[in-house]
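Next comes query.txt, a file with compact mmCIF, N, CA and C atoms.
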# COMPACT_ATOMS: atom_id res chain seq x y z
N LEU A 1 0.82 -1.20 0.00
CA LEU A 1 0.00 0.00 0.00
C LEU A 1 0.86 1.26 0.00
N LEU A 2 0.38 2.25 -0.68
CA LEU A 2 1.05 3.55 -0.69
C LEU A 2 1.12 4.12 0.72
N PHE A 3 0.06 3.89 1.50
CA PHE A 3 -0.01 4.39 2.87
C PHE A 3 1.15 3.87 3.71
N ASP A 4 1.54 2.63 3.48
CA ASP A 4 2.65 2.04 4.24
C ASP A 4 3.97 2.72 3.96
N ASN A 5 4.08 3.36 2.80
CA ASN A 5 5.32 4.03 2.42
C ASN A 5 5.43 5.45 2.97
N ILE A 6 4.36 5.96 3.56
CA ILE A 6 4.38 7.30 4.14
C ILE A 6 5.04 7.22 5.51
N ASN A 7 5.95 8.11 5.77
CA ASN A 7 6.64 8.18 7.04
C ASN A 7 5.62 8.42 8.16
N ASN A 8 5.74 7.72 9.27
CA ASN A 8 4.78 7.85 10.38
C ASN A 8 4.63 9.29 10.86
N LYS A 9 5.71 10.06 10.85
CA LYS A 9 5.60 11.45 11.31
C LYS A 9 4.78 12.31 10.35
N ASP A 10 4.58 11.83 9.12
CA ASP A 10 3.79 12.57 8.14
C ASP A 10 2.32 12.14 8.13
N LYS A 11 1.99 11.12 8.88
CA LYS A 11 0.61 10.65 8.95
C LYS A 11 -0.13 11.44 10.02
N ASP A 12 -1.13 12.20 9.60
CA ASP A 12 -1.94 12.94 10.57
C ASP A 12 -3.35 12.36 10.57
N ILE A 13 -4.24 12.95 11.33
CA ILE A 13 -5.60 12.41 11.45
C ILE A 13 -6.33 12.43 10.11
N ILE A 14 -6.02 13.41 9.27
CA ILE A 14 -6.66 13.48 7.95
C ILE A 14 -6.19 12.31 7.09
N THR A 15 -4.92 12.01 7.15
CA THR A 15 -4.38 10.88 6.39
C THR A 15 -5.01 9.57 6.85
N TRP A 16 -5.05 9.38 8.17
CA TRP A 16 -5.65 8.16 8.71
C TRP A 16 -7.13 8.06 8.34
N ASN A 17 -7.87 9.15 8.48
CA ASN A 17 -9.30 9.12 8.14
C ASN A 17 -9.49 8.79 6.66
N SER A 18 -8.65 9.32 5.82
CA SER A 18 -8.76 9.06 4.38
C SER A 18 -8.55 7.59 4.05
N ILE A 19 -7.54 6.99 4.65
CA ILE A 19 -7.27 5.58 4.36
C ILE A 19 -8.35 4.67 4.96
N ILE A 20 -8.86 5.04 6.13
CA ILE A 20 -9.96 4.26 6.72
C ILE A 20 -11.20 4.38 5.85
N LYS A 21 -11.51 5.59 5.42
CA LYS A 21 -12.67 5.79 4.54
C LYS A 21 -12.52 4.99 3.25
N GLY A 22 -11.32 5.00 2.68
CA GLY A 22 -11.07 4.24 1.46
C GLY A 22 -11.29 2.75 1.66
N SER A 23 -10.90 2.25 2.82
CA SER A 23 -11.09 0.82 3.11
C SER A 23 -12.56 0.46 3.22
N THR A 24 -13.34 1.34 3.80
CA THR A 24 -14.76 1.02 3.99
C THR A 24 -15.58 1.23 2.73
N GLU A 25 -15.22 2.21 1.92
CA GLU A 25 -16.06 2.54 0.76
C GLU A 25 -15.58 1.91 -0.54
N ASN A 26 -14.33 2.08 -0.86
CA ASN A 26 -13.85 1.60 -2.15
C ASN A 26 -13.63 0.10 -2.19
N ASN A 27 -13.10 -0.45 -1.13
CA ASN A 27 -12.79 -1.87 -1.10
C ASN A 27 -13.85 -2.67 -0.35
N ASN A 28 -14.76 -1.97 0.32
CA ASN A 28 -15.75 -2.61 1.17
C ASN A 28 -15.05 -3.60 2.12
N ASN A 29 -13.91 -3.17 2.64
CA ASN A 29 -13.09 -4.02 3.48
C ASN A 29 -13.14 -3.50 4.92
N ASN A 30 -14.20 -3.83 5.62
CA ASN A 30 -14.40 -3.33 6.97
C ASN A 30 -13.37 -3.85 7.96
N ASN A 31 -12.92 -5.08 7.78
CA ASN A 31 -11.89 -5.62 8.68
C ASN A 31 -10.61 -4.82 8.55
N GLU A 32 -10.26 -4.42 7.34
CA GLU A 32 -9.07 -3.60 7.13
C GLU A 32 -9.24 -2.24 7.79
N ALA A 33 -10.44 -1.68 7.71
CA ALA A 33 -10.71 -0.38 8.34
C ALA A 33 -10.52 -0.48 9.86
N ILE A 34 -11.01 -1.54 10.45
CA ILE A 34 -10.86 -1.73 11.90
C ILE A 34 -9.39 -1.93 12.25
N LYS A 35 -8.68 -2.68 11.44
CA LYS A 35 -7.25 -2.88 11.66
C LYS A 35 -6.50 -1.55 11.60
N LEU A 36 -6.82 -0.72 10.61
CA LEU A 36 -6.19 0.59 10.48
C LEU A 36 -6.52 1.49 11.67
N PHE A 37 -7.78 1.44 12.11
CA PHE A 37 -8.21 2.23 13.27
C PHE A 37 -7.38 1.85 14.50
N ASN A 38 -7.21 0.57 14.72
CA ASN A 38 -6.43 0.10 15.87
C ASN A 38 -4.96 0.48 15.73
N GLU A 39 -4.45 0.41 14.52
CA GLU A 39 -3.06 0.82 14.26
C GLU A 39 -2.89 2.31 14.54
N MET A 40 -3.84 3.11 14.11
CA MET A 40 -3.79 4.56 14.32
C MET A 40 -3.72 4.89 15.81
N LYS A 41 -4.50 4.17 16.61
CA LYS A 41 -4.56 4.44 18.04
C LYS A 41 -3.25 4.14 18.76
N LYS A 42 -2.36 3.38 18.14
CA LYS A 42 -1.06 3.08 18.74
C LYS A 42 -0.14 4.30 18.71
N HIS A 43 -0.43 5.25 17.85
CA HIS A 43 0.40 6.45 17.74
C HIS A 43 -0.04 7.46 18.79
N LYS A 44 0.87 7.85 19.66
CA LYS A 44 0.54 8.73 20.78
C LYS A 44 0.08 10.10 20.34
N ASN A 45 0.57 10.58 19.22
CA ASN A 45 0.23 11.94 18.79
C ASN A 45 -1.01 12.00 17.89
N ILE A 46 -1.64 10.86 17.63
CA ILE A 46 -2.84 10.81 16.80
C ILE A 46 -4.01 10.33 17.65
N LYS A 47 -5.06 11.12 17.68
CA LYS A 47 -6.26 10.74 18.43
C LYS A 47 -7.45 10.73 17.46
N PRO A 48 -8.31 9.72 17.57
CA PRO A 48 -9.50 9.69 16.72
C PRO A 48 -10.35 10.94 16.95
N ASN A 49 -10.96 11.44 15.89
CA ASN A 49 -11.88 12.56 16.03
C ASN A 49 -13.28 12.11 15.60
N GLU A 50 -14.21 13.05 15.51
CA GLU A 50 -15.59 12.67 15.18
C GLU A 50 -15.70 12.03 13.81
N ILE A 51 -14.85 12.42 12.87
CA ILE A 51 -14.87 11.81 11.54
C ILE A 51 -14.38 10.37 11.64
N THR A 52 -13.31 10.15 12.36
CA THR A 52 -12.78 8.80 12.55
C THR A 52 -13.84 7.88 13.14
N TYR A 53 -14.46 8.35 14.21
CA TYR A 53 -15.47 7.51 14.86
C TYR A 53 -16.68 7.27 13.95
N SER A 54 -17.10 8.27 13.20
CA SER A 54 -18.25 8.07 12.31
C SER A 54 -17.92 7.05 11.22
N LEU A 55 -16.68 7.05 10.74
CA LEU A 55 -16.26 6.07 9.73
C LEU A 55 -16.19 4.67 10.31
N ILE A 56 -15.60 4.53 11.47
CA ILE A 56 -15.38 3.20 12.04
C ILE A 56 -16.68 2.58 12.53
N VAL A 57 -17.59 3.40 13.03
CA VAL A 57 -18.89 2.88 13.47
C VAL A 57 -19.62 2.22 12.30
N LYS A 58 -19.52 2.81 11.14
CA LYS A 58 -20.17 2.24 9.95
C LYS A 58 -19.54 0.91 9.53
N ALA A 59 -18.27 0.71 9.88
CA ALA A 59 -17.55 -0.49 9.47
C ALA A 59 -17.77 -1.68 10.40
N ILE A 60 -18.28 -1.43 11.59
CA ILE A 60 -18.38 -2.48 12.60
C ILE A 60 -19.71 -3.21 12.49
N ASN A 61 -19.63 -4.53 12.44
CA ASN A 61 -20.85 -5.33 12.42
C ASN A 61 -20.88 -6.32 13.59
N ASN A 62 -20.03 -6.08 14.58
CA ASN A 62 -19.95 -6.91 15.76
C ASN A 62 -20.38 -6.07 16.97
N LEU A 63 -21.41 -6.52 17.66
CA LEU A 63 -21.97 -5.74 18.76
C LEU A 63 -20.97 -5.50 19.88
N GLU A 64 -20.14 -6.47 20.20
CA GLU A 64 -19.16 -6.29 21.28
C GLU A 64 -18.14 -5.22 20.92
N ILE A 65 -17.67 -5.25 19.68
CA ILE A 65 -16.71 -4.23 19.24
C ILE A 65 -17.38 -2.87 19.22
N LEU A 66 -18.61 -2.83 18.78
CA LEU A 66 -19.36 -1.56 18.74
C LEU A 66 -19.52 -0.99 20.15
N LYS A 67 -19.75 -1.85 21.13
CA LYS A 67 -19.85 -1.39 22.52
C LYS A 67 -18.53 -0.79 22.98
N GLU A 68 -17.42 -1.41 22.62
CA GLU A 68 -16.10 -0.88 22.97
C GLU A 68 -15.89 0.51 22.35
N ILE A 69 -16.24 0.63 21.09
CA ILE A 69 -16.09 1.92 20.40
C ILE A 69 -17.02 2.96 21.03
N HIS A 70 -18.21 2.54 21.39
CA HIS A 70 -19.15 3.47 22.03
C HIS A 70 -18.55 4.00 23.34
N ASN A 71 -17.92 3.12 24.11
CA ASN A 71 -17.27 3.56 25.35
C ASN A 71 -16.15 4.55 25.06
N GLU A 72 -15.39 4.30 24.01
CA GLU A 72 -14.35 5.26 23.61
C GLU A 72 -14.95 6.61 23.25
N ILE A 73 -16.04 6.56 22.50
CA ILE A 73 -16.72 7.79 22.09
C ILE A 73 -17.16 8.57 23.32
N LYS A 74 -17.75 7.89 24.29
CA LYS A 74 -18.17 8.55 25.53
C LYS A 74 -16.98 9.11 26.29
N ASN A 75 -15.91 8.32 26.41
CA ASN A 75 -14.73 8.75 27.15
C ASN A 75 -14.03 9.95 26.51
N ASN A 76 -14.21 10.10 25.21
CA ASN A 76 -13.59 11.22 24.50
C ASN A 76 -14.56 12.38 24.27
N ASN A 77 -15.70 12.34 24.98
CA ASN A 77 -16.69 13.42 24.94
C ASN A 77 -17.28 13.69 23.56
N TYR A 78 -17.47 12.62 22.79
CA TYR A 78 -18.09 12.76 21.47
C TYR A 78 -19.52 12.20 21.45
N GLU A 79 -20.02 11.81 22.59
CA GLU A 79 -21.31 11.11 22.64
C GLU A 79 -22.45 11.93 22.04
N ASN A 80 -22.43 13.22 22.20
CA ASN A 80 -23.51 14.06 21.67
C ASN A 80 -23.15 14.73 20.35
N ASN A 81 -22.11 14.24 19.70
CA ASN A 81 -21.68 14.81 18.44
C ASN A 81 -22.64 14.39 17.32
N VAL A 82 -23.13 15.35 16.58
CA VAL A 82 -24.13 15.11 15.53
C VAL A 82 -23.57 14.20 14.43
N ILE A 83 -22.32 14.39 14.07
CA ILE A 83 -21.73 13.56 13.01
C ILE A 83 -21.73 12.09 13.43
N ILE A 84 -21.33 11.81 14.66
CA ILE A 84 -21.31 10.44 15.13
C ILE A 84 -22.72 9.90 15.30
N GLN A 85 -23.61 10.68 15.85
CA GLN A 85 -25.00 10.23 16.01
C GLN A 85 -25.62 9.89 14.68
N THR A 86 -25.34 10.67 13.66
CA THR A 86 -25.88 10.40 12.33
C THR A 86 -25.32 9.10 11.77
N SER A 87 -24.07 8.80 12.03
CA SER A 87 -23.49 7.56 11.52
C SER A 87 -24.09 6.32 12.18
N LEU A 88 -24.69 6.49 13.34
CA LEU A 88 -25.31 5.37 14.04
C LEU A 88 -26.70 5.02 13.51
N ILE A 89 -27.26 5.91 12.71
CA ILE A 89 -28.62 5.69 12.19
C ILE A 89 -28.59 4.72 11.03

Would you mind giving the structure from this file in structure tokens?
Amino acid sequence: LLFDNINNKDKDIITWNSIIKGSTENNNNNNEAIKLFNEMKKHKNIKPNEITYSLIVKAINNLEILKEIHNEIKNNNYENNVIIQTSLI
């Protein structure tokens, strides 16, 4: 992947969101999107935002994983975010 060739210090939240979105929409590869999301969270200077959570929520079809993500959303004070709420519909 081209993404793998990008230096980690050059990967920002926009880059991560773009590659996650590409995995869910273009390839319909939700497992890859979840893998990328988990990889992103390993980077201390990158934190998921409302776009990240709205993308990953759409990719999850496992209730237990969705509950974990929901807890993250609450812990990061995004629970009342309209973008995330809309993605849950």

Point to revise | Between CA of Asn30 (chain A) and CA of Ser87 (chain A), distance in Å (one decimal) | key: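 Atom-to-atom, CA of Asn30 (chain A) and CA of Ser87 (chain A) are spaced 14.9 Å apart.
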
Practice item. Extract the full set of helix (DSSP H, G or I) residues from region 28-74 of chain A according to DSSP on the backbone, and format it as a ChimeraX atom specification. Key: /A:30-41,50-59,63-74

**Study point:** Residue nearest Ile20 (chain A) - candidates A:Ile46, A:Ile56, A:Leu66, A:Val82, atoms counted: all atoms listed in the file
**Key:**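 The shortest atom-to-atom distance to Ile20 (chain A) comes from A:Ile56.
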
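Counting from CA of Lys21 (chain A), the distance to atom C of Lys47 (chain A) is 14.8 Å.
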
Select, counting all atoms listed in the file, all protein, DNA and RNA residues no farther than 6.5 Å from (-18.9, 7.2, 14.2) in file coordinates, and express the selection as a PDB file with N, CA and C atoms, in the coordinates of the input.
ATOM      1  N   GLU A  50     -14.210  13.050  15.510  1.00  0.00           N
ATOM      2  CA  GLU A  50     -15.590  12.670  15.180  1.00  0.00           C
ATOM      3  C   GLU A  50     -15.700  12.030  13.810  1.00  0.00           C
ATOM      4  N   ILE A  51     -14.850  12.420  12.870  1.00  0.00           N
ATOM      5  CA  ILE A  51     -14.870  11.810  11.540  1.00  0.00           C
ATOM      6  C   ILE A  51     -14.380  10.370  11.640  1.00  0.00           C
ATOM      7  N   THR A  52     -13.310  10.150  12.360  1.00  0.00           N
ATOM      8  CA  THR A  52     -12.780   8.800  12.550  1.00  0.00           C
ATOM      9  C   THR A  52     -13.840   7.880  13.140  1.00  0.00           C
ATOM     10  N   TYR A  53     -14.460   8.350  14.210  1.00  0.00           N
ATOM     11  CA  TYR A  53     -15.470   7.510  14.860  1.00  0.00           C
ATOM     12  C   TYR A  53     -16.680   7.270  13.950  1.00  0.00           C
ATOM     13  N   SER A  54     -17.100   8.270  13.200  1.00  0.00           N
ATOM     14  CA  SER A  54     -18.250   8.070  12.310  1.00  0.00           C
ATOM     15  C   SER A  54     -17.920   7.050  11.220  1.00  0.00           C
ATOM     16  N   LEU A  55     -16.680   7.050  10.740  1.00  0.00           N
ATOM     17  CA  LEU A  55     -16.260   6.070   9.730  1.00  0.00           C
ATOM     18  C   LEU A  55     -16.190   4.670  10.310  1.00  0.00           C
ATOM     19  N   ILE A  56     -15.600   4.530  11.470  1.00  0.00           N
ATOM     20  CA  ILE A  56     -15.380   3.200  12.040  1.00  0.00           C
ATOM     21  C   ILE A  56     -16.680   2.580  12.530  1.00  0.00           C
ATOM     22  N   VAL A  57     -17.590   3.400  13.030  1.00  0.00           N
ATOM     23  CA  VAL A  57     -18.890   2.880  13.470  1.00  0.00           C
ATOM     24  C   VAL A  57     -19.620   2.220  12.300  1.00  0.00           C
ATOM     25  N   LYS A  58     -19.520   2.810  11.140  1.00  0.00           N
ATOM     26  CA  LYS A  58     -20.170   2.240   9.950  1.00  0.00           C
ATOM     27  C   LYS A  58     -19.540   0.910   9.530  1.00  0.00           C
ATOM     28  N   ILE A  83     -22.320  14.390  14.070  1.00  0.00           N
ATOM     29  CA  ILE A  83     -21.730  13.560  13.010  1.00  0.00           C
ATOM     30  C   ILE A  83     -21.730  12.090  13.430  1.00  0.00           C
ATOM     31  N   ILE A  84     -21.330  11.810  14.660  1.00  0.00           N
ATOM     32  CA  ILE A  84     -21.310  10.440  15.130  1.00  0.00           C
ATOM     33  C   ILE A  84     -22.720   9.900  15.300  1.00  0.00           C
ATOM     34  N   GLN A  85     -23.610  10.680  15.850  1.00  0.00           N
ATOM     35  CA  GLN A  85     -25.000  10.230  16.010  1.00  0.00           C
ATOM     36  C   GLN A  85     -25.620   9.890  14.680  1.00  0.00           C
ATOM     37  N   SER A  87     -24.070   8.800  12.030  1.00  0.00           N
ATOM     38  CA  SER A  87     -23.490   7.560  11.520  1.00  0.00           C
ATOM     39  C   SER A  87     -24.090   6.320  12.180  1.00  0.00           C
ATOM     40  N   LEU A  88     -24.690   6.490  13.340  1.00  0.00           N
ATOM     41  CA  LEU A  88     -25.310   5.370  14.040  1.00  0.00           C
ATOM     42  C   LEU A  88     -26.700   5.020  13.510  1.00  0.00           C
TER      43      LEU A  88
END

Review point. Using only C-alpha atoms, which residues sit within 12 Å of region 33-42 of chain A once same-chain residues fewer than 5 positions away are excluded, as a VMD selection string?
Key: chain A and resid 3 to 4 8 11 to 28 47 to 49 51 to 62 65 to 66 69 72

Given the selection you just returned, output its residues as a file containing N, CA and C atoms, formatted as a tab-separated table (two decimals), in the frame of the given file.
chain	number	residue	atom	x	y	z
A	3	PHE	N	0.06	3.89	1.50
A	3	PHE	CA	-0.01	4.39	2.87
A	3	PHE	C	1.15	3.87	3.71
A	4	ASP	N	1.54	2.63	3.48
A	4	ASP	CA	2.65	2.04	4.24
A	4	ASP	C	3.97	2.72	3.96
A	8	ASN	N	5.74	7.72	9.27
A	8	ASN	CA	4.78	7.85	10.38
A	8	ASN	C	4.63	9.29	10.86
A	11	LYS	N	1.99	11.12	8.88
A	11	LYS	CA	0.61	10.65	8.95
A	11	LYS	C	-0.13	11.44	10.02
A	12	ASP	N	-1.13	12.20	9.60
A	12	ASP	CA	-1.94	12.94	10.57
A	12	ASP	C	-3.35	12.36	10.57
A	13	ILE	N	-4.24	12.95	11.33
A	13	ILE	CA	-5.60	12.41	11.45
A	13	ILE	C	-6.33	12.43	10.11
A	14	ILE	N	-6.02	13.41	9.27
A	14	ILE	CA	-6.66	13.48	7.95
A	14	ILE	C	-6.19	12.31	7.09
A	15	THR	N	-4.92	12.01	7.15
A	15	THR	CA	-4.38	10.88	6.39
A	15	THR	C	-5.01	9.57	6.85
A	16	TRP	N	-5.05	9.38	8.17
A	16	TRP	CA	-5.65	8.16	8.71
A	16	TRP	C	-7.13	8.06	8.34
A	17	ASN	N	-7.87	9.15	8.48
A	17	ASN	CA	-9.30	9.12	8.14
A	17	ASN	C	-9.49	8.79	6.66
A	18	SER	N	-8.65	9.32	5.82
A	18	SER	CA	-8.76	9.06	4.38
A	18	SER	C	-8.55	7.59	4.05
A	19	ILE	N	-7.54	6.99	4.65
A	19	ILE	CA	-7.27	5.58	4.36
A	19	ILE	C	-8.35	4.67	4.96
A	20	ILE	N	-8.86	5.04	6.13
A	20	ILE	CA	-9.96	4.26	6.72
A	20	ILE	C	-11.20	4.38	5.85
A	21	LYS	N	-11.51	5.59	5.42
A	21	LYS	CA	-12.67	5.79	4.54
A	21	LYS	C	-12.52	4.99	3.25
A	22	GLY	N	-11.32	5.00	2.68
A	22	GLY	CA	-11.07	4.24	1.46
A	22	GLY	C	-11.29	2.75	1.66
A	23	SER	N	-10.90	2.25	2.82
A	23	SER	CA	-11.09	0.82	3.11
A	23	SER	C	-12.56	0.46	3.22
A	24	THR	N	-13.34	1.34	3.80
A	24	THR	CA	-14.76	1.02	3.99
A	24	THR	C	-15.58	1.23	2.73
A	25	GLU	N	-15.22	2.21	1.92
A	25	GLU	CA	-16.06	2.54	0.76
A	25	GLU	C	-15.58	1.91	-0.54
A	26	ASN	N	-14.33	2.08	-0.86
A	26	ASN	CA	-13.85	1.60	-2.15
A	26	ASN	C	-13.63	0.10	-2.19
A	27	ASN	N	-13.10	-0.45	-1.13
A	27	ASN	CA	-12.79	-1.87	-1.10
A	27	ASN	C	-13.85	-2.67	-0.35
A	28	ASN	N	-14.76	-1.97	0.32
A	28	ASN	CA	-15.75	-2.61	1.17
A	28	ASN	C	-15.05	-3.60	2.12
A	47	LYS	N	-5.06	11.12	17.68
A	47	LYS	CA	-6.26	10.74	18.43
A	47	LYS	C	-7.45	10.73	17.46
A	48	PRO	N	-8.31	9.72	17.57
A	48	PRO	CA	-9.50	9.69	16.72
A	48	PRO	C	-10.35	10.94	16.95
A	49	ASN	N	-10.96	11.44	15.89
A	49	ASN	CA	-11.88	12.56	16.03
A	49	ASN	C	-13.28	12.11	15.60
A	51	ILE	N	-14.85	12.42	12.87
A	51	ILE	CA	-14.87	11.81	11.54
A	51	ILE	C	-14.38	10.37	11.64
A	52	THR	N	-13.31	10.15	12.36
A	52	THR	CA	-12.78	8.80	12.55
A	52	THR	C	-13.84	7.88	13.14
A	53	TYR	N	-14.46	8.35	14.21
A	53	TYR	CA	-15.47	7.51	14.86
A	53	TYR	C	-16.68	7.27	13.95
A	54	SER	N	-17.10	8.27	13.20
A	54	SER	CA	-18.25	8.07	12.31
A	54	SER	C	-17.92	7.05	11.22
A	55	LEU	N	-16.68	7.05	10.74
A	55	LEU	CA	-16.26	6.07	9.73
A	55	LEU	C	-16.19	4.67	10.31
A	56	ILE	N	-15.60	4.53	11.47
A	56	ILE	CA	-15.38	3.20	12.04
A	56	ILE	C	-16.68	2.58	12.53
A	57	VAL	N	-17.59	3.40	13.03
A	57	VAL	CA	-18.89	2.88	13.47
A	57	VAL	C	-19.62	2.22	12.30
A	58	LYS	N	-19.52	2.81	11.14
A	58	LYS	CA	-20.17	2.24	9.95
A	58	LYS	C	-19.54	0.91	9.53
A	59	ALA	N	-18.27	0.71	9.88
A	59	ALA	CA	-17.55	-0.49	9.47
A	59	ALA	C	-17.77	-1.68	10.40
A	60	ILE	N	-18.28	-1.43	11.59
A	60	ILE	CA	-18.38	-2.48	12.60
A	60	ILE	C	-19.71	-3.21	12.49
A	61	ASN	N	-19.63	-4.53	12.44
A	61	ASN	CA	-20.85	-5.33	12.42
A	61	ASN	C	-20.88	-6.32	13.59
A	62	ASN	N	-20.03	-6.08	14.58
A	62	ASN	CA	-19.95	-6.91	15.76
A	62	ASN	C	-20.38	-6.07	16.97
A	65	ILE	N	-17.67	-5.25	19.68
A	65	ILE	CA	-16.71	-4.23	19.24
A	65	ILE	C	-17.38	-2.87	19.22
A	66	LEU	N	-18.61	-2.83	18.78
A	66	LEU	CA	-19.36	-1.56	18.74
A	66	LEU	C	-19.52	-0.99	20.15
A	69	ILE	N	-16.24	0.63	21.09
A	69	ILE	CA	-16.09	1.92	20.40
A	69	ILE	C	-17.02	2.96	21.03
A	72	GLU	N	-15.39	4.30	24.01
A	72	GLU	CA	-14.35	5.26	23.61
A	72	GLU	C	-14.95	6.61	23.25

Point to revise | Computed interatomic separation between CA of Glu32 (chain A) and CA of Lys67 (chain A) (Å) | key: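 One can read the CA of Glu32 (chain A) to CA of Lys67 (chain A) distance as 18.9 Å.
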